[in-house]
$ cat start_14.cif   # mmCIF, C-alpha atoms
data_start
#
loop_
_atom_site.group_PDB
_atom_site.id
_atom_site.type_symbol
_atom_site.label_atom_id
_atom_site.label_comp_id
_atom_site.auth_asym_id
_atom_site.auth_seq_id
_atom_site.Cartn_x
_atom_site.Cartn_y
_atom_site.Cartn_z
ATOM 1 C CA MET A 1 191.355 76.481 73.343
ATOM 2 C CA ASP A 2 188.853 73.664 73.356
ATOM 3 C CA LYS A 3 186.026 73.910 70.870
ATOM 4 C CA GLY A 4 182.388 73.070 71.820
ATOM 5 C CA LYS A 5 180.765 70.059 70.348
ATOM 6 C CA VAL A 6 179.489 70.832 66.888
ATOM 7 C CA VAL A 7 175.997 69.495 65.992
ATOM 8 C CA THR A 8 175.801 68.741 62.353
ATOM 9 C CA LEU A 9 172.699 69.263 60.183
ATOM 10 C CA GLU A 10 172.449 65.527 59.712
ATOM 11 C CA ASP A 11 172.073 65.107 63.490
ATOM 12 C CA ARG A 12 169.344 67.786 63.729
ATOM 13 C CA VAL A 13 167.136 66.588 60.851
ATOM 14 C CA PRO A 14 165.718 63.491 62.649
ATOM 15 C CA LYS A 15 164.789 65.606 65.679
ATOM 16 C CA ILE A 16 163.044 68.211 63.530
ATOM 17 C CA LYS A 17 161.152 65.486 61.697
ATOM 18 C CA GLN A 18 160.102 63.955 65.001
ATOM 19 C CA LEU A 19 158.858 67.286 66.354
ATOM 20 C CA ARG A 20 156.897 67.934 63.183
ATOM 21 C CA LYS A 21 155.354 64.497 63.353
ATOM 22 C CA GLN A 22 154.302 65.050 66.992
ATOM 23 C CA LYS A 23 152.707 68.403 66.084
ATOM 24 C CA ALA A 24 150.890 66.799 63.173
ATOM 25 C CA ASN A 25 149.608 64.015 65.421
ATOM 26 C CA ARG A 26 148.364 66.537 67.972
ATOM 27 C CA ARG A 27 146.568 68.498 65.274
ATOM 28 C CA LEU A 28 145.001 65.312 63.954
ATOM 29 C CA ILE A 29 143.772 64.367 67.419
ATOM 30 C CA ILE A 30 142.295 67.854 67.926
ATOM 31 C CA TYR A 31 140.577 67.813 64.531
ATOM 32 C CA LEU A 32 139.218 64.308 65.095
ATOM 33 C CA SER A 33 137.954 65.278 68.567
ATOM 34 C CA LEU A 34 136.193 68.350 67.199
ATOM 35 C CA PHE A 35 134.738 66.284 64.383
ATOM 36 C CA PHE A 36 133.318 63.640 66.724
ATOM 37 C CA ILE A 37 132.003 66.292 69.143
ATOM 38 C CA LEU A 38 130.264 68.068 66.273
ATOM 39 C CA LEU A 39 128.936 64.771 64.962
ATOM 40 C CA ALA A 40 127.628 63.868 68.426
ATOM 41 C CA LEU A 41 125.894 67.248 68.741
ATOM 42 C CA ILE A 42 124.256 66.828 65.341
ATOM 43 C CA ILE A 43 123.064 63.337 66.205
ATOM 44 C CA TYR A 44 121.835 64.558 69.626
ATOM 45 C CA SER A 45 119.980 67.533 68.138
ATOM 46 C CA GLN A 46 118.176 65.267 65.671
ATOM 47 C CA SER A 47 117.349 62.517 68.147
ATOM 48 C CA PRO A 48 114.461 62.226 70.633
ATOM 49 C CA LEU A 49 117.017 62.774 73.410
ATOM 50 C CA SER A 50 117.071 66.503 72.578
ATOM 51 C CA LYS A 51 113.360 66.919 73.252
ATOM 52 C CA VAL A 52 112.284 68.329 76.604
ATOM 53 C CA ALA A 53 111.739 65.443 79.006
ATOM 54 C CA VAL A 54 111.422 67.271 82.343
ATOM 55 C CA ILE A 55 109.761 70.632 83.105
ATOM 56 C CA GLU A 56 110.118 71.859 86.691
ATOM 57 C CA VAL A 57 108.060 74.806 87.975
ATOM 58 C CA THR A 58 108.821 76.524 91.284
ATOM 59 C CA GLY A 59 107.523 79.603 93.108
ATOM 60 C CA ASN A 60 103.891 79.231 92.022
ATOM 61 C CA ASN A 61 101.062 79.294 94.541
ATOM 62 C CA HIS A 62 97.761 80.214 92.903
ATOM 63 C CA VAL A 63 98.734 79.702 89.275
ATOM 64 C CA SER A 64 98.974 75.996 88.480
ATOM 65 C CA LYS A 65 102.060 74.307 87.069
ATOM 66 C CA GLU A 66 100.093 73.219 83.998
ATOM 67 C CA GLU A 67 98.932 76.782 83.311
ATOM 68 C CA ILE A 68 102.482 78.142 83.527
ATOM 69 C CA ILE A 69 103.819 75.445 81.193
ATOM 70 C CA ASN A 70 101.019 76.191 78.723
ATOM 71 C CA LEU A 71 101.838 79.897 78.855
ATOM 72 C CA ALA A 72 105.483 79.123 78.066
ATOM 73 C CA GLU A 73 104.356 76.988 75.114
ATOM 74 C CA ILE A 74 106.716 74.162 76.039
ATOM 75 C CA THR A 75 105.754 70.537 75.497
ATOM 76 C CA LYS A 76 107.464 67.162 75.537
ATOM 77 C CA GLU A 77 107.776 67.561 71.758
ATOM 78 C CA THR A 78 109.737 70.826 72.049
ATOM 79 C CA SER A 79 113.421 70.627 71.187
ATOM 80 C CA ILE A 80 115.659 71.873 73.981
ATOM 81 C CA TRP A 81 117.464 73.939 71.326
ATOM 82 C CA ARG A 82 114.266 75.822 70.496
ATOM 83 C CA VAL A 83 113.628 76.981 74.060
ATOM 84 C CA ASN A 84 114.368 80.707 73.939
ATOM 85 C CA GLU A 85 114.694 81.538 77.636
ATOM 86 C CA GLU A 86 113.957 85.269 77.300
ATOM 87 C CA LYS A 87 110.926 84.858 75.041
ATOM 88 C CA LYS A 88 109.473 82.063 77.175
ATOM 89 C CA SER A 89 109.791 84.266 80.273
ATOM 90 C CA GLU A 90 107.944 87.079 78.486
ATOM 91 C CA LEU A 91 105.101 84.720 77.569
ATOM 92 C CA ILE A 92 104.680 83.683 81.213
ATOM 93 C CA LEU A 93 104.663 87.327 82.361
ATOM 94 C CA GLU A 94 101.517 87.913 80.310
ATOM 95 C CA HIS A 95 99.582 86.303 83.186
ATOM 96 C CA LYS A 96 98.165 88.990 85.508
ATOM 97 C CA GLU A 97 99.163 87.144 88.665
ATOM 98 C CA ILE A 98 102.824 86.635 87.790
ATOM 99 C CA ALA A 99 105.275 89.413 88.628
ATOM 100 C CA GLU A 100 108.566 87.723 87.708
ATOM 101 C CA ALA A 101 109.533 84.697 85.622
ATOM 102 C CA THR A 102 112.796 83.049 84.631
ATOM 103 C CA VAL A 103 113.231 80.104 82.266
ATOM 104 C CA GLN A 104 116.448 78.077 82.151
ATOM 105 C CA ARG A 105 117.500 75.228 79.918
ATOM 106 C CA LYS A 106 119.276 72.402 81.704
ATOM 107 C CA PHE A 107 121.061 70.048 79.364
ATOM 108 C CA PRO A 108 120.617 67.434 78.216
ATOM 109 C CA ASN A 109 116.787 67.751 78.151
ATOM 110 C CA SER A 110 115.164 69.594 81.067
ATOM 111 C CA VAL A 111 113.726 73.068 81.625
ATOM 112 C CA GLU A 112 113.410 74.932 84.930
ATOM 113 C CA ILE A 113 110.791 77.669 85.341
ATOM 114 C CA ASN A 114 110.794 79.888 88.410
ATOM 115 C CA VAL A 115 108.034 82.433 88.996
ATOM 116 C CA LYS A 116 107.088 85.011 91.594
ATOM 117 C CA GLU A 117 103.396 85.794 91.922
ATOM 118 C CA ASN A 118 101.809 89.082 92.911
ATOM 119 C CA ASN A 119 100.402 88.857 96.420
ATOM 120 C CA ARG A 120 96.640 88.793 96.809
ATOM 121 C CA VAL A 121 95.686 91.580 99.202
ATOM 122 C CA ALA A 122 91.906 91.071 99.251
ATOM 123 C CA TYR A 123 88.902 89.270 97.807
ATOM 124 C CA ILE A 124 85.902 91.382 96.841
ATOM 125 C CA TYR A 125 82.698 89.491 97.608
ATOM 126 C CA GLU A 126 79.777 90.313 95.348
ATOM 127 C CA SER A 127 76.721 88.283 94.303
ATOM 128 C CA ASN A 128 78.149 85.078 95.780
ATOM 129 C CA ASN A 129 81.365 85.523 93.795
ATOM 130 C CA TYR A 130 84.908 86.303 94.934
ATOM 131 C CA TYR A 131 87.182 88.584 92.914
ATOM 132 C CA PRO A 132 90.887 88.499 93.903
ATOM 133 C CA VAL A 133 92.698 91.829 94.151
ATOM 134 C CA MET A 134 96.488 91.856 93.903
ATOM 135 C CA ASP A 135 99.183 94.097 95.351
ATOM 136 C CA ASN A 136 99.636 95.794 91.968
ATOM 137 C CA GLY A 137 96.034 97.044 92.209
ATOM 138 C CA LYS A 138 94.668 94.747 89.492
ATOM 139 C CA MET A 139 91.525 92.700 90.021
ATOM 140 C CA LEU A 140 91.131 89.231 88.554
ATOM 141 C CA SER A 141 88.007 87.677 87.123
ATOM 142 C CA VAL A 142 85.663 85.702 89.348
ATOM 143 C CA LEU A 143 87.417 83.025 91.369
ATOM 144 C CA GLU A 144 86.389 79.396 91.124
ATOM 145 C CA ILE A 145 86.559 78.326 94.774
ATOM 146 C CA GLY A 146 84.226 75.353 95.000
ATOM 147 C CA ASN A 147 83.447 74.649 98.663
ATOM 148 C CA HIS A 148 86.586 76.334 100.016
ATOM 149 C CA LEU A 149 86.466 79.995 100.963
ATOM 150 C CA PRO A 150 89.693 81.957 100.331
ATOM 151 C CA ASP A 151 91.608 82.531 103.553
ATOM 152 C CA ASP A 152 94.927 83.968 102.374
ATOM 153 C CA ALA A 153 93.652 87.580 102.216
ATOM 154 C CA PRO A 154 90.807 89.591 103.786
ATOM 155 C CA LEU A 155 87.282 89.584 102.349
ATOM 156 C CA MET A 156 85.797 92.918 101.251
ATOM 157 C CA MET A 157 82.042 92.945 101.878
ATOM 158 C CA ASN A 158 79.297 95.387 100.822
ATOM 159 C CA TRP A 159 81.435 97.408 98.391
ATOM 160 C CA ARG A 160 79.322 98.883 95.621
ATOM 161 C CA ASN A 161 81.171 101.982 94.421
ATOM 162 C CA GLY A 162 83.952 101.105 91.955
ATOM 163 C CA GLU A 163 85.917 104.325 92.494
ATOM 164 C CA MET A 164 85.736 103.826 96.254
ATOM 165 C CA VAL A 165 87.031 100.272 95.879
ATOM 166 C CA GLU A 166 89.905 101.483 93.721
ATOM 167 C CA TYR A 167 90.840 104.196 96.202
ATOM 168 C CA PHE A 168 90.692 101.829 99.162
ATOM 169 C CA ILE A 169 92.844 99.202 97.428
ATOM 170 C CA GLY A 170 95.404 101.943 96.870
ATOM 171 C CA GLU A 171 95.403 102.510 100.636
ATOM 172 C CA LEU A 172 95.456 98.802 101.479
ATOM 173 C CA ILE A 173 98.526 97.950 99.381
ATOM 174 C CA LYS A 174 100.527 100.615 101.235
ATOM 175 C CA LEU A 175 100.362 98.459 104.360
ATOM 176 C CA PRO A 176 102.957 95.787 105.218
ATOM 177 C CA GLN A 177 101.864 92.275 104.268
ATOM 178 C CA SER A 178 101.881 91.300 107.956
ATOM 179 C CA ILE A 179 99.107 93.795 108.751
ATOM 180 C CA ILE A 180 97.092 92.804 105.670
ATOM 181 C CA ASN A 181 97.345 89.176 106.786
ATOM 182 C CA SER A 182 95.977 90.103 110.213
ATOM 183 C CA ILE A 183 92.672 91.308 108.689
ATOM 184 C CA SER A 184 89.819 88.823 108.259
ATOM 185 C CA GLU A 185 87.035 90.986 106.764
ATOM 186 C CA ILE A 186 86.623 94.580 105.595
ATOM 187 C CA HIS A 187 83.025 95.844 105.466
ATOM 188 C CA HIS A 188 81.964 99.101 103.884
ATOM 189 C CA THR A 189 79.619 100.475 106.564
ATOM 190 C CA PRO A 190 78.682 104.051 105.609
ATOM 191 C CA THR A 191 77.047 106.271 108.221
ATOM 192 C CA GLU A 192 75.064 109.520 108.000
ATOM 193 C CA ILE A 193 78.168 111.558 108.731
ATOM 194 C CA ASP A 194 80.770 109.420 106.922
ATOM 195 C CA ALA A 195 80.039 107.724 103.617
ATOM 196 C CA ASN A 196 83.590 106.319 103.686
ATOM 197 C CA HIS A 197 83.238 104.503 107.008
ATOM 198 C CA ILE A 198 84.552 100.929 107.157
ATOM 199 C CA THR A 199 84.577 98.178 109.767
ATOM 200 C CA LEU A 200 87.390 95.639 109.952
ATOM 201 C CA PHE A 201 87.219 92.303 111.743
ATOM 202 C CA MET A 202 90.694 91.158 112.732
ATOM 203 C CA ASN A 203 92.028 87.627 113.073
ATOM 204 C CA ASP A 204 93.000 88.325 116.687
ATOM 205 C CA GLY A 205 89.372 89.021 117.679
ATOM 206 C CA PHE A 206 89.443 92.817 117.699
ATOM 207 C CA GLU A 207 87.257 95.083 115.582
ATOM 208 C CA VAL A 208 88.472 98.272 113.928
ATOM 209 C CA SER A 209 86.305 101.279 113.133
ATOM 210 C CA ALA A 210 87.960 103.460 110.493
ATOM 211 C CA THR A 211 87.447 105.574 107.403
ATOM 212 C CA ILE A 212 88.843 105.090 103.887
ATOM 213 C CA ARG A 213 90.575 108.469 103.679
ATOM 214 C CA GLY A 214 94.048 108.168 105.177
ATOM 215 C CA PHE A 215 93.362 104.558 106.175
ATOM 216 C CA SER A 216 96.926 103.309 105.648
ATOM 217 C CA GLU A 217 98.490 106.069 107.792
ATOM 218 C CA LYS A 218 96.273 105.152 110.750
ATOM 219 C CA MET A 219 96.190 101.384 110.280
ATOM 220 C CA ILE A 220 99.981 101.186 110.231
ATOM 221 C CA ALA A 221 99.854 101.776 114.009
ATOM 222 C CA TYR A 222 97.577 98.767 114.625
ATOM 223 C CA PRO A 223 100.289 96.377 115.941
ATOM 224 C CA SER A 224 101.552 98.915 118.491
ATOM 225 C CA VAL A 225 97.972 99.728 119.577
ATOM 226 C CA VAL A 226 97.154 96.056 120.154
ATOM 227 C CA GLU A 227 100.347 95.557 122.179
ATOM 228 C CA GLN A 228 98.996 98.008 124.769
ATOM 229 C CA LEU A 229 95.662 96.191 125.137
ATOM 230 C CA ASP A 230 94.678 93.210 127.263
ATOM 231 C CA PRO A 231 94.367 90.347 124.732
ATOM 232 C CA SER A 232 91.585 88.762 126.827
ATOM 233 C CA VAL A 233 89.389 91.876 126.563
ATOM 234 C CA LYS A 234 88.078 92.249 123.035
ATOM 235 C CA GLY A 235 86.392 95.321 121.653
ATOM 236 C CA VAL A 236 86.449 98.090 119.038
ATOM 237 C CA ILE A 237 89.581 100.038 118.171
ATOM 238 C CA ASN A 238 88.519 103.378 116.751
ATOM 239 C CA LEU A 239 90.912 104.901 114.203
ATOM 240 C CA GLU A 240 88.546 107.452 112.668
ATOM 241 C CA VAL A 241 89.832 110.662 114.261
ATOM 242 C CA GLY A 242 92.096 109.809 117.146
ATOM 243 C CA THR A 243 92.832 106.331 118.468
ATOM 244 C CA PHE A 244 90.860 104.854 121.336
ATOM 245 C CA PHE A 245 89.530 101.493 122.451
ATOM 246 C CA LYS A 246 86.096 100.430 123.694
ATOM 247 C CA PRO A 247 85.540 96.938 125.084
ATOM 248 C CA TYR A 248 82.510 95.141 123.662
ATOM 249 C CA GLU A 249 80.804 95.272 127.065
ATOM 250 C CA SER A 250 80.794 99.064 127.175
ATOM 251 C CA VAL A 251 79.675 99.217 123.529
ATOM 252 C CA GLU A 252 76.725 96.924 124.323
ATOM 253 C CA GLU A 253 75.829 99.025 127.381
ATOM 254 C CA GLU A 254 75.810 102.175 125.250
ATOM 255 C CA GLU A 255 73.600 100.507 122.671
ATOM 256 C CA ASP A 256 71.212 99.266 125.371
ATOM 257 C CA GLY A 257 71.036 102.752 126.836
ATOM 258 C CA THR A 258 70.274 104.207 123.441
ATOM 259 C CA ASP A 259 67.475 101.684 122.888
ATOM 260 C CA GLU A 260 65.922 102.540 126.276
ATOM 261 C CA ASN A 261 66.066 106.256 125.531
ATOM 262 C CA ASP A 262 64.463 105.651 122.149
ATOM 263 C CA GLY A 263 61.692 103.768 123.869
#
$ encode --input "start_14.cif" --output "structure tokens"
Amino acid sequence: MDKGKVVTLEDRVPKIKQLRKQKANRRLIIYLSLFFILLALIIYSQSPLSKVAVIEVTGNNHVSKEEIINLAEITKETSIWRVNEEKKSELILEHKEIAEATVQRKFPNSVEINVKENNRVAYIYESNNYYPVMDNGKMLSVLEIGNHLPDDAPLMMNWRNGEMVEYFIGELIKLPQSIINSISEIHHTPTEIDANHITLFMNDGFEVSATIRGFSEKMIAYPSVVEQLDPSVKGVINLEVGTFFKPYESVEEEEDGTDENDG
């Protein structure tokens, strides 16, 4: 019977030595690579290259980019390693107008800040000043508008009672943003029989006569009411008790008749 080829120990030793040498070389390469990577990171962290060079802000509308960056306490001298994303987001959220904020580091040396602002649902006009009111019910301090009147939310005119304002804002923020955007002005116009009476002037040319109590439940039907009207005939949509429409011509005739009777 033929015997298989016998490999002697002397034949195997060179191969074992070669394998060990290859493993040692691989380990050396790995260790050297890790060493140089670590060295590069140390040099980078200590160099000006690790300082924030670019700060991008997105999602802001009313709050300026500079104000958001200041809130985050990030400057061009801040090390990218010292930007704690969670803490920086919390600092930005301290602003009343900001509802959400995320901060992300982008290596090698940039920071991205994305915010979502609370919507402004109205501006209260008082003593030649405008006070923005947001969809979370909070009111901001007086707005610096210069020569430009705010046009991104309705104006609230002749509102004196603070509790009444608070209650009405609670009603207003229940409405879809599309309906809020369709309102130009909201006047508090109390009558002898209804101290909560209000008059709304709409951007489409119609006028709405309503009351504060249950305002949102009735105003929610405004789009469907307008769809049934002739857009060329403007007038007053009454939402106080039921829902009915009076063209301006008939309203003027009634007023003229009242004046004649008074005379």
$ resolve_selection --input "start_14.cif" --expression "the PyMOL selection byres ((chain A and resi 214) around 12)" --output "list in words"
Tyr167, Phe168, Ile169, Gly170, Glu171, Leu172, Lys174, Leu175, Asn196, His197, Ala210, Thr211, Ile212, Arg213, Phe215, Ser216, Glu217, Lys218, Met219, Ile220, Leu239, Glu240 and Val241 of chain A
$ closest_residue --input "start_14.cif" --among "A:Met139, A:Thr58, A:Val121, A:Lys76" --to "A:Thr102" --atoms "only C-alpha atoms"
A:Thr58
$ resolve_selection --input "start_14.cif" --expression "the PyMOL selection byres ((chain A and resi 59-70) around 7)" --output "NGL selection string"
:A and (57-58 or 71-74 or 92 or 114-117)
$ closest_residue --input "start_14.cif" --among "A:Asn161, A:Glu94, A:Asn25, A:Ser178" --to "A:Pro190" --atoms "all atoms listed in the file"
A:Asn161
$ atom_distance --input "start_14.cif" --atom1 "atom CA of A:Gln104" --atom2 "atom CA of A:Asn119"
24.0 Å
$ closest_residue --input "start_14.cif" --among "A:Met164, A:Leu91, A:Val226, A:Met202" --to "A:Ile113" --atoms "all atoms listed in the file"
A:Leu91
$ atom_distance --input "start_14.cif" --atom1 "atom CA of A:Ala195" --atom2 "atom CA of A:Met134"
24.8 Å
$ atom_distance --input "start_14.cif" --atom1 "atom CA of A:Asn129" --atom2 "atom CA of A:Pro176"
26.5 Å
$ resolve_selection --input "start_14.cif" --expression "the PyMOL selection byres ((chain A and resi 55) around 8)" --output "ChimeraX atom specification"
/A:52-54,56-57,69,110-113
$ axis_aligned_box --input "start_14.cif" --around "stretch 125-141 of chain A" --padding-each-side "8 Å" --output "JSON"
{"center_x": 88.2, "center_y": 91.1, "center_z": 92.4, "size_x": 38.9, "size_y": 28.0, "size_z": 26.5}
$ closest_residue --input "start_14.cif" --among "A:Val233, A:Asn136, A:Arg105, A:Lys96" --to "A:Val83" --atoms "all atoms listed in the file"
A:Arg105
